[in-house]
>>> print(open('input_29.cif').read())   # mmCIF, C-alpha atoms and all ligand atoms
data_entry
#
loop_
_atom_site.label_atom_id
_atom_site.label_comp_id
_atom_site.auth_asym_id
_atom_site.auth_seq_id
_atom_site.Cartn_x
_atom_site.Cartn_y
_atom_site.Cartn_z
CA MET Y 414 0.00 0.00 0.00
CA TYR Y 415 2.82 2.38 0.92
CA THR Y 416 4.56 2.08 -2.46
CA GLN Y 417 1.16 2.54 -4.12
CA PHE Y 418 1.44 6.20 -3.15
CA THR Y 419 5.17 6.72 -3.17
CA SER Y 420 6.45 5.15 -6.38
CA THR Y 421 5.56 4.21 -9.92
CA PRO Y 422 7.54 1.33 -11.43
CA SER Y 423 9.44 2.44 -14.52
CA LEU Y 424 8.90 0.84 -17.91
CA PRO Y 425 11.78 -1.62 -18.43
CA THR Y 426 14.02 -1.01 -21.44
CA THR Y 427 16.02 -4.27 -21.56
CA SER Y 428 15.80 -5.95 -24.95
CA PHE Y 429 14.09 -9.34 -25.23
CA LYS Y 430 15.51 -9.87 -28.74
CA GLY Y 431 16.03 -13.54 -29.52
CA ARG Y 432 14.11 -14.63 -26.43
CA THR Y 433 11.35 -17.21 -26.24
CA ILE Y 434 8.86 -16.43 -23.50
CA ILE Y 435 5.85 -18.08 -21.88
CA VAL Y 436 3.34 -15.99 -19.93
CA THR Y 437 0.54 -17.89 -18.19
CA GLY Y 438 -2.89 -16.26 -17.86
CA SER Y 439 -2.14 -13.70 -20.56
CA ASN Y 440 -5.55 -13.23 -22.17
CA VAL Y 441 -6.38 -10.35 -19.80
CA GLY Y 442 -4.92 -8.21 -17.04
CA LEU Y 443 -1.27 -7.99 -16.07
CA GLY Y 444 -0.21 -10.97 -18.19
CA LEU Y 445 -1.66 -9.46 -21.36
CA GLU Y 446 -0.03 -6.08 -20.76
CA SER Y 447 3.31 -7.66 -19.94
CA CYS Y 448 3.17 -9.60 -23.24
CA ARG Y 449 2.52 -6.32 -25.04
CA GLN Y 450 5.55 -4.75 -23.34
CA MET Y 451 7.83 -7.70 -24.11
CA VAL Y 452 6.75 -7.73 -27.76
CA THR Y 453 7.57 -4.02 -27.95
CA LEU Y 454 10.96 -4.78 -26.38
CA GLY Y 455 11.75 -7.16 -29.24
CA ALA Y 456 10.77 -10.63 -27.95
CA SER Y 457 11.15 -13.20 -30.73
CA ARG Y 458 8.46 -15.64 -29.65
CA ILE Y 459 5.80 -15.37 -26.96
CA ILE Y 460 3.57 -18.24 -25.97
CA MET Y 461 0.37 -16.92 -24.42
CA ALA Y 462 -0.63 -19.83 -22.16
CA VAL Y 463 -4.36 -19.53 -21.50
CA ARG Y 464 -7.24 -21.72 -20.45
CA ASN Y 465 -9.58 -20.31 -23.08
CA VAL Y 466 -7.92 -20.30 -26.51
CA SER Y 467 -10.47 -18.04 -28.21
CA LYS Y 468 -9.99 -15.41 -25.48
CA GLY Y 469 -6.24 -15.84 -25.95
CA GLU Y 470 -6.52 -15.37 -29.73
CA ALA Y 471 -8.54 -12.17 -29.18
CA ALA Y 472 -5.80 -10.90 -26.83
CA ALA Y 473 -3.05 -11.78 -29.34
CA LYS Y 474 -5.01 -9.97 -32.07
CA ASP Y 475 -5.21 -6.91 -29.84
CA ILE Y 476 -1.43 -6.94 -29.24
CA ARG Y 477 -0.74 -7.37 -32.97
CA ALA Y 478 -3.03 -4.41 -33.72
CA THR Y 479 -1.30 -2.12 -31.20
CA THR Y 480 2.34 -3.03 -31.90
CA SER Y 481 4.36 -3.55 -35.05
CA CYS Y 482 5.25 -7.15 -34.22
CA ALA Y 483 5.32 -9.90 -36.82
CA PRO Y 484 2.06 -11.85 -36.41
CA GLU Y 485 3.90 -15.12 -35.77
CA THR Y 486 5.67 -13.62 -32.71
CA LEU Y 487 2.60 -14.51 -30.66
CA GLU Y 488 1.22 -18.00 -30.24
CA VAL Y 489 -1.71 -19.07 -28.10
CA TRP Y 490 -1.42 -22.41 -26.34
CA GLN Y 491 -3.97 -24.06 -24.07
CA LEU Y 492 -3.12 -24.39 -20.37
CA ASP Y 493 -5.57 -24.90 -17.53
CA LEU Y 494 -3.92 -24.79 -14.13
CA SER Y 495 -6.93 -26.36 -12.47
CA SER Y 496 -5.96 -29.64 -14.17
CA TYR Y 497 -2.63 -31.38 -13.55
CA GLN Y 498 -3.05 -33.28 -16.83
CA SER Y 499 -3.28 -29.97 -18.68
CA VAL Y 500 -0.06 -28.78 -17.00
CA LEU Y 501 1.71 -32.04 -17.87
CA SER Y 502 0.53 -31.89 -21.52
CA PHE Y 503 1.54 -28.23 -21.82
CA ALA Y 504 5.02 -28.96 -20.45
CA GLU Y 505 5.40 -31.87 -22.86
CA ARG Y 506 4.46 -29.61 -25.77
CA VAL Y 507 7.05 -27.05 -24.62
CA LYS Y 508 9.72 -29.73 -24.47
CA THR Y 509 8.99 -31.00 -27.98
CA GLU Y 510 8.05 -27.79 -29.83
CA LEU Y 511 10.26 -25.05 -28.38
CA PRO Y 512 13.96 -25.13 -29.27
CA ARG Y 513 14.66 -22.79 -26.35
CA LEU Y 514 12.92 -21.24 -23.35
CA ASP Y 515 14.28 -18.00 -21.90
CA VAL Y 516 11.44 -16.82 -19.69
CA LEU Y 517 8.53 -18.40 -17.86
CA VAL Y 518 6.24 -15.87 -16.20
CA GLY Y 519 3.91 -17.69 -13.79
CA ASN Y 520 1.24 -15.03 -13.78
CA ALA Y 521 -2.12 -16.85 -13.93
CA GLY Y 522 -3.99 -16.72 -10.66
CA ILE Y 523 -7.39 -16.49 -9.05
CA GLY Y 524 -8.88 -14.64 -6.13
CA THR Y 525 -12.00 -16.39 -4.94
CA GLU Y 526 -13.93 -16.69 -1.71
CA THR Y 527 -15.95 -19.63 -2.98
CA PHE Y 528 -14.71 -22.99 -1.71
CA ARG Y 529 -14.31 -25.45 -4.59
CA ILE Y 530 -12.07 -28.46 -4.97
CA THR Y 531 -10.02 -28.89 -8.13
CA GLU Y 532 -7.71 -31.89 -8.26
CA ASP Y 533 -6.73 -32.61 -4.65
CA ASN Y 534 -6.96 -29.08 -3.20
CA GLU Y 535 -9.15 -26.07 -2.79
CA GLU Y 536 -9.03 -24.26 -6.15
CA SER Y 537 -6.81 -21.29 -5.10
CA ILE Y 538 -4.22 -23.70 -3.76
CA THR Y 539 -4.27 -25.84 -6.91
CA THR Y 540 -4.13 -22.85 -9.29
CA ASN Y 541 -1.95 -20.33 -7.46
CA LEU Y 542 0.46 -22.81 -5.91
CA VAL Y 543 0.56 -26.49 -6.86
CA SER Y 544 0.09 -26.16 -10.63
CA LEU Y 545 2.29 -23.06 -10.75
CA PHE Y 546 5.20 -24.94 -9.20
CA LEU Y 547 4.43 -28.13 -11.08
CA LEU Y 548 4.88 -26.12 -14.28
CA GLY Y 549 7.96 -24.34 -12.91
CA PHE Y 550 9.68 -27.61 -11.98
CA LEU Y 551 8.66 -29.33 -15.22
CA LEU Y 552 10.12 -26.50 -17.31
CA HIS Y 553 13.19 -25.87 -15.16
CA PRO Y 554 15.34 -28.28 -17.25
CA LYS Y 555 14.39 -26.38 -20.42
CA LEU Y 556 15.28 -23.04 -18.80
CA ARG Y 557 18.56 -24.49 -17.53
CA ASP Y 558 19.48 -26.07 -20.89
CA THR Y 559 18.76 -22.79 -22.69
CA ALA Y 560 20.91 -20.84 -20.22
CA LEU Y 561 23.82 -23.27 -20.50
CA LYS Y 562 23.64 -23.78 -24.27
CA HIS Y 563 23.41 -20.07 -25.10
CA SER Y 564 25.66 -18.81 -22.27
CA THR Y 565 22.91 -16.62 -20.97
CA GLN Y 566 20.62 -16.41 -17.95
CA THR Y 567 16.99 -17.42 -18.10
CA HIS Y 568 14.10 -16.48 -15.80
CA PHE Y 569 11.29 -18.11 -13.87
CA THR Y 570 9.28 -15.18 -12.51
CA ILE Y 571 6.19 -15.68 -10.38
CA VAL Y 572 3.64 -12.99 -9.63
CA GLY Y 573 3.13 -12.49 -5.91
CA THR Y 574 1.46 -9.87 -3.78
CA GLY Y 575 2.20 -7.82 -0.70
CA LEU Y 576 -0.88 -9.48 0.79
CA TYR Y 577 1.28 -12.50 1.69
CA GLU Y 578 2.36 -10.32 4.60
CA VAL Y 579 -1.13 -10.08 6.10
CA ALA Y 580 -1.99 -13.76 5.65
CA GLN Y 581 -3.24 -15.14 8.97
CA PHE Y 582 -3.13 -18.77 7.85
CA LYS Y 583 -5.22 -19.93 10.82
CA GLU Y 584 -5.57 -23.38 9.22
CA ARG Y 585 -1.94 -24.08 10.12
CA LYS Y 586 -3.01 -24.50 13.74
CA ALA Y 587 -5.43 -27.37 13.06
CA PRO Y 588 -4.42 -30.28 15.32
CA ASN Y 589 -3.21 -33.64 14.01
CA MET Y 590 -3.30 -32.92 10.31
CA GLY Y 591 -1.07 -31.71 7.51
CA LEU Y 592 -1.25 -28.13 6.25
CA PHE Y 593 -2.79 -29.01 2.88
CA GLU Y 594 -5.27 -31.34 4.56
CA ALA Y 595 -6.32 -28.51 6.89
CA LEU Y 596 -6.71 -26.13 3.94
CA ASN Y 597 -9.05 -28.68 2.36
CA ASP Y 598 -11.54 -28.59 5.23
CA GLU Y 599 -14.44 -26.52 3.97
CA LYS Y 600 -15.91 -26.13 7.46
CA THR Y 601 -12.86 -24.37 8.87
CA ALA Y 602 -11.58 -22.69 5.70
CA VAL Y 603 -11.13 -18.93 6.07
CA MET Y 604 -11.86 -18.04 2.48
CA SER Y 605 -11.39 -14.28 3.06
CA ASP Y 606 -7.74 -15.11 3.80
CA ARG Y 607 -7.29 -17.88 1.23
CA TYR Y 608 -5.85 -15.79 -1.62
CA ASN Y 609 -3.28 -14.32 0.79
CA VAL Y 610 -2.43 -17.81 2.05
CA SER Y 611 -2.00 -19.19 -1.47
CA LYS Y 612 0.49 -16.40 -2.19
CA LEU Y 613 2.27 -16.86 1.16
CA LEU Y 614 2.81 -20.54 0.38
CA GLY Y 615 4.11 -19.50 -3.04
CA MET Y 616 6.79 -17.41 -1.34
CA TYR Y 617 8.01 -20.43 0.62
CA ALA Y 618 8.06 -22.55 -2.52
CA LEU Y 619 9.93 -19.89 -4.47
CA LYS Y 620 12.61 -19.51 -1.80
CA GLN Y 621 12.99 -23.27 -1.61
CA MET Y 622 13.21 -23.73 -5.37
CA ALA Y 623 15.77 -20.93 -5.72
CA ALA Y 624 17.89 -22.51 -2.98
CA MET Y 625 17.72 -25.86 -4.80
CA SER Y 626 18.88 -24.31 -8.07
CA PRO Y 627 22.13 -22.38 -7.53
CA LEU Y 628 22.41 -19.67 -10.17
CA GLN Y 629 26.09 -20.38 -10.84
CA ASN Y 630 25.27 -24.00 -11.81
CA ASN Y 631 22.01 -23.62 -13.69
CA GLY Y 632 21.77 -20.01 -14.91
CA VAL Y 633 18.07 -19.82 -14.05
CA ILE Y 634 17.04 -16.67 -12.16
CA ILE Y 635 14.02 -17.50 -10.00
CA ASN Y 636 12.23 -14.48 -8.55
CA CYS Y 637 8.87 -13.14 -7.40
CA VAL Y 638 7.41 -9.76 -8.30
CA ALA Y 639 4.57 -7.84 -6.65
CA PRO Y 640 2.67 -5.46 -8.94
CA GLY Y 641 0.79 -3.57 -6.21
CA LEU Y 642 -2.96 -3.13 -6.34
CA CYS Y 643 -3.91 -2.90 -10.03
CA HIS Y 644 -6.95 -2.69 -12.23
CA SER Y 645 -7.56 -6.10 -13.80
CA GLN Y 646 -10.17 -8.84 -13.75
CA LEU Y 647 -8.78 -10.35 -10.54
CA HIS Y 648 -11.59 -8.78 -8.56
CA ARG Y 649 -14.29 -10.15 -10.88
CA GLU Y 650 -16.18 -11.91 -8.05
CA ARG Y 651 -16.43 -8.80 -5.92
CA LYS Y 652 -15.70 -5.35 -7.29
CA LEU Y 653 -12.93 -3.34 -5.63
CA PRO Y 654 -14.48 -0.82 -3.22
CA GLY Y 655 -14.36 2.78 -4.50
CA PRO Y 656 -11.41 4.04 -2.42
CA LEU Y 657 -9.28 1.05 -3.45
CA ALA Y 658 -10.34 1.36 -7.09
CA ALA Y 659 -9.27 5.00 -6.91
CA ILE Y 660 -5.71 4.13 -5.92
CA ALA Y 661 -5.29 0.99 -8.05
CA ARG Y 662 -2.59 1.22 -10.68
CA PRO Y 663 -3.44 1.08 -14.37
CA THR Y 664 -2.91 -2.49 -15.60
CA ASP Y 665 0.00 -1.59 -17.88
CA VAL Y 666 1.83 0.13 -15.00
CA GLY Y 667 1.46 -2.94 -12.76
CA ALA Y 668 2.58 -5.14 -15.67
CA ARG Y 669 5.94 -3.35 -15.75
CA VAL Y 670 7.06 -5.32 -12.70
CA LEU Y 671 6.41 -8.62 -14.51
CA THR Y 672 8.41 -7.41 -17.49
CA TYR Y 673 11.18 -6.29 -15.16
CA GLY Y 674 11.23 -9.58 -13.25
CA ALA Y 675 11.55 -11.45 -16.54
CA SER Y 676 14.72 -9.55 -17.41
CA ALA Y 677 16.03 -8.79 -13.91
CA PRO Y 678 19.70 -9.17 -12.90
CA PRO Y 679 21.17 -12.16 -11.01
CA GLN Y 680 20.87 -10.35 -7.66
CA THR Y 681 17.11 -11.00 -7.82
CA HIS Y 682 17.55 -14.79 -7.63
CA GLY Y 683 15.40 -16.09 -4.76
CA GLN Y 684 14.12 -12.58 -4.05
CA TYR Y 685 10.79 -10.83 -3.67
CA LEU Y 686 10.68 -7.58 -5.63
CA VAL Y 687 8.49 -4.56 -5.11
CA ASP Y 688 8.75 -1.94 -7.86
CA HIS Y 689 11.99 -3.44 -9.19
CA LYS Y 690 13.73 -3.58 -5.80
CA ASN Y 691 14.53 -6.59 -3.62
CA GLN Y 692 12.52 -6.51 -0.39
CA GLU Y 693 13.03 -8.18 2.94
CA LEU Y 694 10.29 -10.67 3.82
CA HIS Y 695 7.91 -10.04 6.71
CA GLY Y 696 4.93 -11.64 8.44
CA LEU Y 697 4.87 -15.43 8.42
CA CYS Y 698 7.84 -15.47 6.05
CA SER Y 699 10.25 -14.08 8.62
CA GLY Y 700 12.17 -15.42 11.61
CA GLN Y 701 12.03 -18.92 13.08
CA VAL Y 702 8.30 -19.25 12.43
CA GLY Y 703 8.92 -18.52 8.76
CA ALA Y 704 11.77 -21.03 8.51
CA LYS Y 705 9.70 -23.75 10.21
CA LEU Y 706 6.65 -23.14 8.05
CA GLN Y 707 8.74 -23.06 4.88
CA LYS Y 708 10.17 -26.47 5.72
CA GLN Y 709 6.73 -27.90 6.46
CA VAL Y 710 5.09 -26.40 3.37
CA TRP Y 711 7.89 -27.56 1.12
CA GLY Y 712 7.82 -31.08 2.58
CA GLU Y 713 4.12 -31.43 1.79
CA LEU Y 714 4.24 -29.64 -1.57
CA ARG Y 715 7.20 -31.71 -2.73
CA GLN Y 716 5.27 -34.88 -1.94
CA LYS Y 717 2.33 -33.68 -4.04
CA LEU Y 718 4.55 -32.71 -6.97
CA GLU Y 719 6.39 -36.03 -6.84
CA THR Y 720 3.07 -37.89 -6.83
CA ILE Y 721 1.92 -36.03 -9.93
CA SER Y 722 5.23 -36.35 -11.76
CA PRO Y 723 7.85 -38.58 -10.11
CA GLY Y 724 11.35 -37.06 -10.10
CA VAL Y 725 10.13 -33.58 -11.08
CA THR Y 726 11.72 -31.82 -8.10
CA ASN Y 727 15.24 -33.16 -8.81
CA ILE Y 728 16.61 -30.00 -10.35
CA SER Y 729 19.92 -29.31 -8.64
N1 LIG J 1 -4.54 -7.09 -9.85
C1 LIG J 1 -3.92 -6.93 -8.68
O1 LIG J 1 -4.19 -6.00 -7.92
C2 LIG J 1 -2.84 -7.90 -8.30
C3 LIG J 1 -2.01 -7.56 -7.21
C4 LIG J 1 -1.02 -8.45 -6.83
C5 LIG J 1 -0.84 -9.63 -7.53
N2 LIG J 1 -1.66 -9.93 -8.58
C6 LIG J 1 -1.43 -11.20 -9.28
O2 LIG J 1 -1.25 -10.95 -10.66
C7 LIG J 1 -1.55 -12.13 -11.41
C8 LIG J 1 -2.42 -11.75 -12.59
O3 LIG J 1 -3.67 -11.33 -12.12
P1 LIG J 1 -4.49 -10.12 -12.75
O4 LIG J 1 -4.58 -9.09 -11.71
O5 LIG J 1 -3.99 -9.77 -14.09
O6 LIG J 1 -5.93 -10.82 -12.81
P2 LIG J 1 -6.85 -11.24 -14.05
O7 LIG J 1 -7.08 -10.07 -14.92
O8 LIG J 1 -8.01 -11.94 -13.43
O9 LIG J 1 -5.95 -12.31 -14.83
C9 LIG J 1 -5.74 -13.59 -14.30
C10 LIG J 1 -5.38 -14.52 -15.42
O10 LIG J 1 -5.19 -15.83 -14.86
C11 LIG J 1 -5.94 -16.74 -15.65
N3 LIG J 1 -6.32 -17.93 -14.92
C12 LIG J 1 -7.08 -18.06 -13.82
N4 LIG J 1 -7.26 -19.34 -13.50
C13 LIG J 1 -6.60 -20.07 -14.44
C14 LIG J 1 -6.42 -21.44 -14.68
N5 LIG J 1 -7.00 -22.38 -13.91
N6 LIG J 1 -5.67 -21.83 -15.73
C15 LIG J 1 -5.10 -20.91 -16.54
N7 LIG J 1 -5.25 -19.59 -16.38
C16 LIG J 1 -5.99 -19.17 -15.34
C17 LIG J 1 -7.15 -15.95 -16.09
O11 LIG J 1 -7.80 -16.60 -17.16
P3 LIG J 1 -9.38 -16.35 -17.44
O12 LIG J 1 -9.50 -14.97 -18.02
O13 LIG J 1 -9.73 -17.44 -18.38
O14 LIG J 1 -10.07 -16.46 -16.11
C18 LIG J 1 -6.47 -14.66 -16.47
O15 LIG J 1 -5.88 -14.77 -17.73
C19 LIG J 1 -2.23 -13.09 -10.43
O16 LIG J 1 -1.30 -14.07 -10.03
C20 LIG J 1 -2.59 -12.19 -9.25
O17 LIG J 1 -2.64 -12.90 -8.05
C21 LIG J 1 -2.65 -9.09 -8.98
#
>>> encode(input="input_29.cif", output="structure tokens", more="lines below")
Ligand SMILES: NC(=O)c1ccc[n+]([C@@H]2O[C@H](COP(=O)([O-])OP(=O)(O)OC[C@H]3O[C@@H](n4cnc5c(N)ncnc54)[C@H](OP(=O)(O)O)[C@@H]3O)[C@@H](O)[C@H]2O)c1
Amino acid sequence: MYTQFTSTPSLPTTSFKGRTIIVTGSNVGLGLESCRQMVTLGASRIIMAVRNVSKGEAAAKDIRATTSCAPETLEVWQLDLSSYQSVLSFAERVKTELPRLDVLVGNAGIGTETFRITEDNEESITTNLVSLFLLGFLLHPKLRDTALKHSTQTHFTIVGTGLYEVAQFKERKAPNMGLFEALNDEKTAVMSDRYNVSKLLGMYALKQMAAMSPLQNNGVIINCVAPGLCHSQLHRERKLPGPLAAIARPTDVGARVLTYGASAPPQTHGQYLVDHKNQELHGLCSGQVGAKLQKQVWGELRQKLETISPGVTNIS
């Protein structure tokens, strides 16, 4: 909230020439605007990974009409993060069809207060966390191979939020059950906090993944960016109240942090960035409590990922 008033992220100027990029959830909102920026900055090939291909095609058409990019720069591929099979099929397609992968922006996400199960979790946890990291781990070898083969650095950038800091995560106190099991209990679920929790858990997973993938060995920069409160369709279930709508950033301004994260320097590896600057972590991500929770979350998440795709977390 503070930076909402005190700074405006600058439009990145780093060239994406020669780069192949995937942006998930890019038919609307921050993902769409970041694609537009990366096309303008010279990206060679952008895969718009969306759950609804016709909406994706309309978004690609819009970018083509507002930039001077070659039409074939943009491709729309189907990806539904509420289905593990869709994530696995998408990753397989990437492996076989893309000669290189320079950037994966894990942008797609939902904010919902309705409790629904998709796969083995409440939907926000499946979409914003498990499938996001399933995709990240599945594509890590491609990012690493690209970095090593072309003597460059590649990026896995996830889109977080400052709201991780206010997550209460009361479910963690449920007796005699795992964290994910507790989050699956509809009776005790605090859905007003669930989006924040899904993003908090994403911070733990990001820190863990970055620690497992030393930059000097793999050349993959793994970072998390927070766009601030922005106009988008994220609040489609419940409109932003007037005062918040009044201070929300235009979508293209918020998207600048995604574009920055996707081209950010090595010092951002394992870091959380607000308006292009590394930030210290607070709330349940700090101190001994943070370290303990990170270990617990990673232990359970790793088990899930290994069940879906055995061996997927062996990336070091
Ligand atoms: N807007 C903000 O104030 C704000 C602040 C901090 C962080 N963020 C984060 O920024 C990211 C982008 O959100 P946004 O604000 O641009 O919201 P948005 O306009 O609602 O865009 C979200 C995108 O994610 C896609 N998506 C949702 N569920 C999906 C699924 N199961 N499979 C594939 N794609 C899926 C949506 O596709 P459909 O159009 O088909 O639903 C849409 O393309 C999210 O991770 C969000 O948490 C947003």
>>> closest_residue(input="input_29.cif", among="Y:Val507, Y:Leu454, Y:Leu424, Y:Ile523", to="Ser537 of chain Y", atoms="all atoms listed in the file")
Y:Ile523
>>> residues_near_point(input="input_29.cif", point="(-5.6, -27.3, 3.0)", cutoff="9 Å", atoms="all atoms listed in the file", output="list of chain:residue names")
Y:Asn534, Y:Glu535, Y:Ile538, Y:Glu584, Y:Arg585, Y:Gly591, Y:Leu592, Y:Phe593, Y:Glu594, Y:Ala595, Y:Leu596, Y:Asn597, Y:Asp598, Y:Glu599, Y:Ala602
>>> residues_around(input="input_29.cif", residues="Arg477 of chain Y", least_positions_apart="4", cutoff="10 Å", atoms="all atoms listed in the file", output="list in words")
Arg449, Val452, Ala471, Ala472, Ala473, Ser481, Cys482, Ala483, Pro484, Glu485, Thr486 and Leu487 of chain Y
>>> atom_distance(input="input_29.cif", atom1="atom CA of Gln581 of chain Y", atom2="atom CA of Arg662 of chain Y")
25.6 Å
>>> residues_near_ligand(input="input_29.cif", ligand="ligand LIG 1 (chain J)", cutoff="6 Å", atoms="all atoms listed in the file", output="PyMOL selection string")
chain Y and resi 438-444+463-465+492-495+520-523+540+572-574+639-647
>>> residues_around(input="input_29.cif", residues="Leu686 of chain Y", least_positions_apart="3", cutoff="7 Å", atoms="only C-alpha atoms", output="number ranges by chain")
Y: 637-639, 689-692
>>> closest_residue(input="input_29.cif", among="Y:Ile571, Y:Val702, Y:Val670, Y:Val710", to="Pro425 of chain Y", atoms="all atoms listed in the file")
Y:Val670
>>> closest_atom_pairs(input="input_29.cif", of="segment 561-615 of chain Y", to="segment 543-549 of chain Y", cutoff="10 Å", atoms="only C-alpha atoms", output="JSON lines")
{"residue": "Y:Phe569", "atom": "CA", "partner": "Y:Gly549", "partner_atom": "CA", "distance": 7.1}
{"residue": "Y:Thr570", "atom": "CA", "partner": "Y:Gly549", "partner_atom": "CA", "distance": 9.3}
{"residue": "Y:Ile571", "atom": "CA", "partner": "Y:Leu545", "partner_atom": "CA", "distance": 8.4}
{"residue": "Y:Ser611", "atom": "CA", "partner": "Y:Val543", "partner_atom": "CA", "distance": 9.4}
{"residue": "Y:Leu614", "atom": "CA", "partner": "Y:Val543", "partner_atom": "CA", "distance": 9.6}
{"residue": "Y:Gly615", "atom": "CA", "partner": "Y:Phe546", "partner_atom": "CA", "distance": 8.3}
>>> closest_residue(input="input_29.cif", among="Y:Ser729, Y:Asn541, Y:Thr426, Y:Asn630", to="Leu613 of chain Y", atoms="all atoms listed in the file")
Y:Asn541
>>> closest_residue(input="input_29.cif", among="Y:Gly712, Y:Gly703, Y:Gly674, Y:Gly524", to="Lys652 of chain Y", atoms="only C-alpha atoms")
Y:Gly524
>>> atom_distance(input="input_29.cif", atom1="atom CA of Gln707 of chain Y", atom2="atom CA of Gln680 of chain Y")
21.6 Å
>>> closest_residue(input="input_29.cif", among="Y:Leu657, Y:Val500, Y:Arg607, Y:Ile728", to="Val579 of chain Y", atoms="only C-alpha atoms")
Y:Arg607
>>> closest_atom_pairs(input="input_29.cif", of="segment 627-713 of chain Y", to="segment 554-567 of chain Y", cutoff="8 Å", atoms="only C-alpha atoms", output="CSV")
residue,atom,partner,partner_atom,distance
Y:Asn631,CA,Y:Arg557,CA,5.2
Y:Gly632,CA,Y:Gln566,CA,4.9
Y:Val633,CA,Y:Thr567,CA,4.8
Y:Ile634,CA,Y:Thr567,CA,6.0
>>> residues_near_point(input="input_29.cif", point="(16.2, -29.7, -7.1)", cutoff="12 Å", atoms="all atoms listed in the file", output="list in words")
Gly549, Phe550, Leu551, His553, Pro554, Arg557, Ala618, Leu619, Gln621, Met622, Ala623, Ala624, Met625, Ser626, Pro627, Asn630, Asn631, Trp711, Arg715, Glu719, Gly724, Val725, Thr726, Asn727, Ile728 and Ser729 of chain Y
>>> closest_residue(input="input_29.cif", among="Y:Asn609, Y:Thr433, Y:Thr480, Y:Thr720", to="Ser457 of chain Y", atoms="only C-alpha atoms")
Y:Thr433
>>> atom_distance(input="input_29.cif", atom1="atom CA of Leu511 of chain Y", atom2="atom CA of Gly455 of chain Y")
18.0 Å
>>> decode(input="input_29.cif", residues="segment 508-512 of chain Y", atoms="all heavy atoms", output="short mmCIF file (atom, residue, chain, number, x, y, z; two decimals), in the first residue's frame")
data_model
loop_
_atom_site.label_atom_id
_atom_site.label_comp_id
_atom_site.auth_asym_id
_atom_site.auth_seq_id
_atom_site.Cartn_x
_atom_site.Cartn_y
_atom_site.Cartn_z
N LYS Y 508 8.48 -28.96 -24.30
CA LYS Y 508 9.72 -29.73 -24.47
C LYS Y 508 9.92 -30.13 -25.93
O LYS Y 508 11.02 -30.10 -26.45
CB LYS Y 508 9.68 -31.00 -23.60
CG LYS Y 508 10.03 -30.69 -22.16
CD LYS Y 508 9.97 -31.95 -21.29
CE LYS Y 508 9.64 -31.56 -19.86
NZ LYS Y 508 9.19 -32.67 -19.04
N THR Y 509 8.83 -30.50 -26.61
CA THR Y 509 8.99 -31.00 -27.98
C THR Y 509 8.97 -29.88 -29.04
O THR Y 509 9.62 -29.99 -30.05
CB THR Y 509 7.91 -32.04 -28.34
OG1 THR Y 509 6.63 -31.49 -28.02
CG2 THR Y 509 8.07 -33.33 -27.55
N GLU Y 510 8.23 -28.80 -28.77
CA GLU Y 510 8.05 -27.79 -29.83
C GLU Y 510 8.94 -26.55 -29.71
O GLU Y 510 9.12 -25.83 -30.69
CB GLU Y 510 6.58 -27.37 -29.90
CG GLU Y 510 5.67 -28.47 -30.41
CD GLU Y 510 4.26 -27.99 -30.67
OE1 GLU Y 510 4.05 -26.83 -31.04
OE2 GLU Y 510 3.34 -28.82 -30.46
N LEU Y 511 9.45 -26.27 -28.51
CA LEU Y 511 10.26 -25.05 -28.38
C LEU Y 511 11.75 -25.39 -28.35
O LEU Y 511 12.20 -26.12 -27.47
CB LEU Y 511 9.90 -24.28 -27.09
CG LEU Y 511 8.50 -23.69 -26.96
CD1 LEU Y 511 8.39 -22.86 -25.68
CD2 LEU Y 511 8.14 -22.84 -28.17
N PRO Y 512 12.53 -24.86 -29.29
CA PRO Y 512 13.96 -25.13 -29.27
C PRO Y 512 14.64 -24.50 -28.05
O PRO Y 512 15.69 -24.96 -27.61
CB PRO Y 512 14.47 -24.47 -30.56
CG PRO Y 512 13.28 -24.16 -31.38
CD PRO Y 512 12.11 -24.07 -30.46
#
